[in-house]
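Peer 1: I have a structure here, written as C-alpha cells, and I will follow up with some questions on it.
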Amino acid sequence: MAHRAAVDRLVDSYRAIPPGAGVRLTKRTSNLFRPRAAAAGPGLDVSGLSGVIAVDIAADGTGVADVQGMCTYEDLVAVTLPKGFMPLVVPQLRTITLGGAVTGLGIEASSFRSGLPHESVLELDVLTGAGEVLTVTPDGEHADLFRGFPNSYGTLGYAVRIRIQLERVHPYVALRNVHVGSPAELGAAIERIVAERVWEGEPVEFLDGVVFSASQAYLVLGRWADEVPAVSDYTGQEVYYDSLRSRGRDALTVHDYLWRWDTDWFWCSRAFGAQHRLLRRVWPARLRRSDVYHRLVTLENRYHVAARMDSLRGRPARERVVQDVEIPVERTAEFLRWFLDAVPMRPLWLCPLRLRSSGGPLGNLPDGERPWPLYPLRTGETYVNVGFWGTVPIEAGRADGDVNRMIERSVAGFDGHKSLYSDAYYDEAEFWAKYGGDAYAQLKQRYDPAARLLDLHAKAVRRR
C-alpha cells in the first residue's frame, strides 16, 4: 500500500505540471554528465519510490526482486546480499538507480555472461508521457515499450517498479590480475576468455580490465570462492586500480568487489586530491565515494573555481572528455592504438559484453538480432566497452568539444557506438540513424502523444 500511495503521489505531481512546462525528477543523485538547463517549477514527487518492495527466492534457488524505480543498487544489494543473492549485473557506482540503469543502460564485469542490466528485467511499471502507469512485459500489450525503454533516458516515461532476476552469490570473489603487453594481445585474450570462460584452468565469472599504456594493460579475472587465504580492503588507504600492477592475485568480499570502483570513482578521485597520501588519511572514508565526487564536479561546473585558477596560472582551458563506447572485440586493438596515440588520457577501463541470447526475458534469440531497437547491439557478437573519464587541454586553434567530436567520428569508423549519459554532438539525422529513430518515433507517438517529455535527441545532444 505504501508503494501504491507513492505511485499516486508521483502521478498527481505529473498531472499538476501544466502543458508546455518542463518535467524533471527530483532525484538526490545523478550519474549523468550532460549539462542541462534547469526546468522551471517543481519536479516530480518521487518520495517513497526508493526502496525494495519484495525479494522472492524460489525452491529451485532462483530469485527475483520487485524494486522501486528510484532505488539505488547500493540499497538493493544491502537487502539481497544477506539472502545470498545479487542482481545479475550490478553497475559499479553505488548511487546508480534501477530505473536509471534500465532506461540509460549500465554495465559491469559480469556483462560478458549476463548482458546489460535491462536484460534481467522481467517486467516494469512505467509512468508514460501520457500520464498513465502501465505494466510492461516482454510479450504483453506493451511489448514495444519493453524493448524500447532501454536507452530512452526518461523521454518515454519513468520506471516506478521493476521486477529483476537475481543470481546466487558466494562469500568472496578471487581475482587474477593478468598483464597483457599489447592491444593485439589484449583483444585476443578477451575473445578467448569470453568464448571459453576459463583462463589457465580456472573459471572466469567476472571480466574487466585497465589500460595504462600501449604496453601495459591488465585483465582482471574474477571467480566465485567460498574460501580465500586473505581479503584486501580498498576502502581505506590503498587505491584499488593501483593494485592491479603490484598484485598478481587478490580477493575481496562480494560486497567489496561490487563497490571496488566506487571508493575512488575508478581513478577520478585523484582530481580532488583523494589519492594524495596525506590528504587521504584525513578524508573521511564515508565521503570517499562516487556521489560525493560527482557533487564536487557539479560545483565546479557551476562556479568554475579550478578553471579560474588554471587561467590565472596561464594554463590552457580544458575540455571534459567523459565517455563510454562499445567497440566490436575484433576492432578493439585498432581503436585502442588510435586512442592512445590521439588522446592524452590514461588509464582506460575495459569491460567486455555480450547480449543475452538465452535465459533472459526475451527467451532464446538467434545470432545477429538487434532486440533493443534504441541501442545498436546485436546478439552473438562480443563488444568491449572502453571507458575514459577526465579532461584534456584545449590546444591552440581548437575549441571546446573538438576532441569529443573526433572521438565520435573514430568510434563510428571502428563500427562502434557510444553511451548517451555524457556529451554528444551528433546532428539529428546521424543521431536518429544510430539510435533507432523510426522505432523511437512510433514509441513517442504511442506513449507520449502530446510530447510532454523531451525527445531523446533534445535531451542527449541539445541538453535541454
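The chains in the C-alpha cells are called A, B, ... from first to last as shown; in each chain the residues are counted from 1, and the ligands are counted from 1 in the order shown.
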Quick one: residues within 7 Å of Cys351 of chain A, only C-alpha atoms counted, chain neighbours fewer than 4 positions away excluded, as a list in words?
Peer 2: Glu108, Ala109, Leu207, Asp208, Gly209, Val384, Asn385 and Val386 of chain A
Peer 1: For the selection just defined, write its residues with C-alpha atoms to a file, as a PDB file, in the first residue's frame.
Peer 2:
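Below is the file that was written, again.pdb:
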ATOM      1  CA  GLU A 108      29.801  -4.383 -15.190  1.00  0.00           C
ATOM      2  CA  ALA A 109      32.292  -7.238 -15.132  1.00  0.00           C
ATOM      3  CA  LEU A 207      35.977  -9.884 -16.520  1.00  0.00           C
ATOM      4  CA  ASP A 208      37.147  -6.304 -16.877  1.00  0.00           C
ATOM      5  CA  GLY A 209      40.481  -4.571 -17.288  1.00  0.00           C
ATOM      6  CA  VAL A 384      34.339  -4.167 -25.444  1.00  0.00           C
ATOM      7  CA  ASN A 385      33.179  -1.152 -23.502  1.00  0.00           C
ATOM      8  CA  VAL A 386      36.021   1.362 -23.326  1.00  0.00           C
TER       9      VAL A 386
END
Peer 1: Would you give me, as a tab-separated table, each residue of segment 151-254 of chain A having an atom within 12 Å of an atom of segment 443-461 of chain A, along with its shortest atom pair and that distance in Å to one decimal, using only C-alpha atoms and sorting by chain and residue number?
Peer 2:
residue	atom	partner	partner_atom	distance
A:Asn151	CA	A:Leu456	CA	8.8
A:Ser152	CA	A:Leu456	CA	6.4
A:Tyr153	CA	A:Leu456	CA	7.2
A:Gly154	CA	A:Leu453	CA	7.9
A:Thr155	CA	A:Leu453	CA	5.5
A:Leu156	CA	A:Lys444	CA	6.3
A:Gly157	CA	A:Leu453	CA	7.8
A:Tyr158	CA	A:Leu453	CA	10.4
Peer 1: Given the selection you just returned, output its residues as a file containing C-alpha atoms, formatted as an mmCIF file, in the first residue's frame.
Peer 2:
data_model
loop_
_atom_site.group_PDB
_atom_site.id
_atom_site.type_symbol
_atom_site.label_atom_id
_atom_site.label_comp_id
_atom_site.auth_asym_id
_atom_site.auth_seq_id
_atom_site.Cartn_x
_atom_site.Cartn_y
_atom_site.Cartn_z
ATOM 1 C CA ASN A 151 18.370 3.886 -23.849
ATOM 2 C CA SER A 152 15.308 6.149 -23.846
ATOM 3 C CA TYR A 153 16.641 8.146 -20.850
ATOM 4 C CA GLY A 154 13.271 9.081 -19.423
ATOM 5 C CA THR A 155 11.948 10.503 -22.690
ATOM 6 C CA LEU A 156 9.207 7.887 -22.966
ATOM 7 C CA GLY A 157 8.424 7.647 -19.267
ATOM 8 C CA TYR A 158 9.795 6.740 -15.861
#
Peer 1: Have a look at A:Arg356, A:Phe388, A:Phe212, A:His3 and name the one nearest to Leu88 of chain A; count only C-alpha atoms.
Peer 2: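 Closest to Leu88 of chain A of all the choices is A:Arg356.
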Peer 1: Between atom CA of Arg249 of chain A and atom CA of Pro203 of chain A, what is the spacing in Å?
Peer 2: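 A separation of 14.3 Å between them.
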Peer 1: Using DSSP secondary structure from the backbone, list all alpha helix (DSSP H) positions within segment 175-295 of chain A, as a PyMOL selection string.
Peer 2: chain A and resi 183-196+240-243+254-258+277-282+290-295
Peer 1: Choose the residue, out of A:Lys27, A:Ala159, A:Gly314, A:Lys83, that has the smallest atom-to-atom separation from Leu145 of chain A; count only C-alpha atoms.
Peer 2: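 Among the listed residues, A:Ala159 lies closest to Leu145 of chain A.
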Peer 1: Given the choices A:Tyr172, A:Ala58, A:Ala317, A:Thr137, which gets closest to His304 of chain A if the distance is worked out from only C-alpha atoms?
Peer 2: A:Ala317
Peer 1: Would you compute the distance between atom CA of Ser120 of chain A and atom CA of Tyr257 of chain A? Give it in Å to one decimal.
Peer 2: 20.4 Å
Peer 1: Ranking A:Val173, A:Leu116, A:Val178, A:Met309 by minimum distance to Pro229 of chain A and counting only C-alpha atoms, which one comes first?
Peer 2: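 Nearest candidate to Pro229 of chain A out of A:Val173, A:Leu116, A:Val178, A:Met309: A:Val173.
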Peer 1: My list of candidates is A:Val102, A:Val160, A:Ala274, A:Val55. Which is closest to Arg4 of chain A when distances are computed with only C-alpha atoms?
Peer 2: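 Using only C-alpha atoms, Arg4 of chain A sits closest to A:Val160.
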Peer 1: I'd like the neighbourhood of Phe335 of chain A as a list in words, where a residue qualifies if any of its atoms comes within 9 Å (using only C-alpha atoms), though same-chain residues fewer than 6 positions away should be ignored.
Peer 2: Pro183, Ile327, Ser410, Val411 and Phe414 of chain A
Peer 1: Emit the selected residues as a CSV table (one decimal), in the first residue's frame, including N, CA and C atoms.
Peer 2:
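Printed below is part.csv as written:
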chain,number,residue,atom,x,y,z
A,183,PRO,N,47.9,-4.0,-27.4
A,183,PRO,CA,46.4,-4.1,-27.7
A,183,PRO,C,46.0,-5.3,-28.5
A,327,ILE,N,33.0,-1.1,-28.7
A,327,ILE,CA,33.7,-1.4,-29.9
A,327,ILE,C,33.7,-2.9,-30.1
A,410,SER,N,35.7,8.7,-34.8
A,410,SER,CA,36.6,7.5,-34.7
A,410,SER,C,35.8,6.2,-34.3
A,411,VAL,N,34.9,6.4,-33.3
A,411,VAL,CA,34.1,5.3,-32.8
A,411,VAL,C,33.3,4.7,-33.9
A,414,PHE,N,35.3,2.7,-36.4
A,414,PHE,CA,35.6,1.3,-35.9
A,414,PHE,C,34.4,0.5,-35.6
Peer 1: Contacts of Leu25 of chain A at 8 Å or less, counting only C-alpha atoms, minus same-chain residues fewer than 4 places along, as a PyMOL selection string?
Peer 2: chain A and resi 43-46
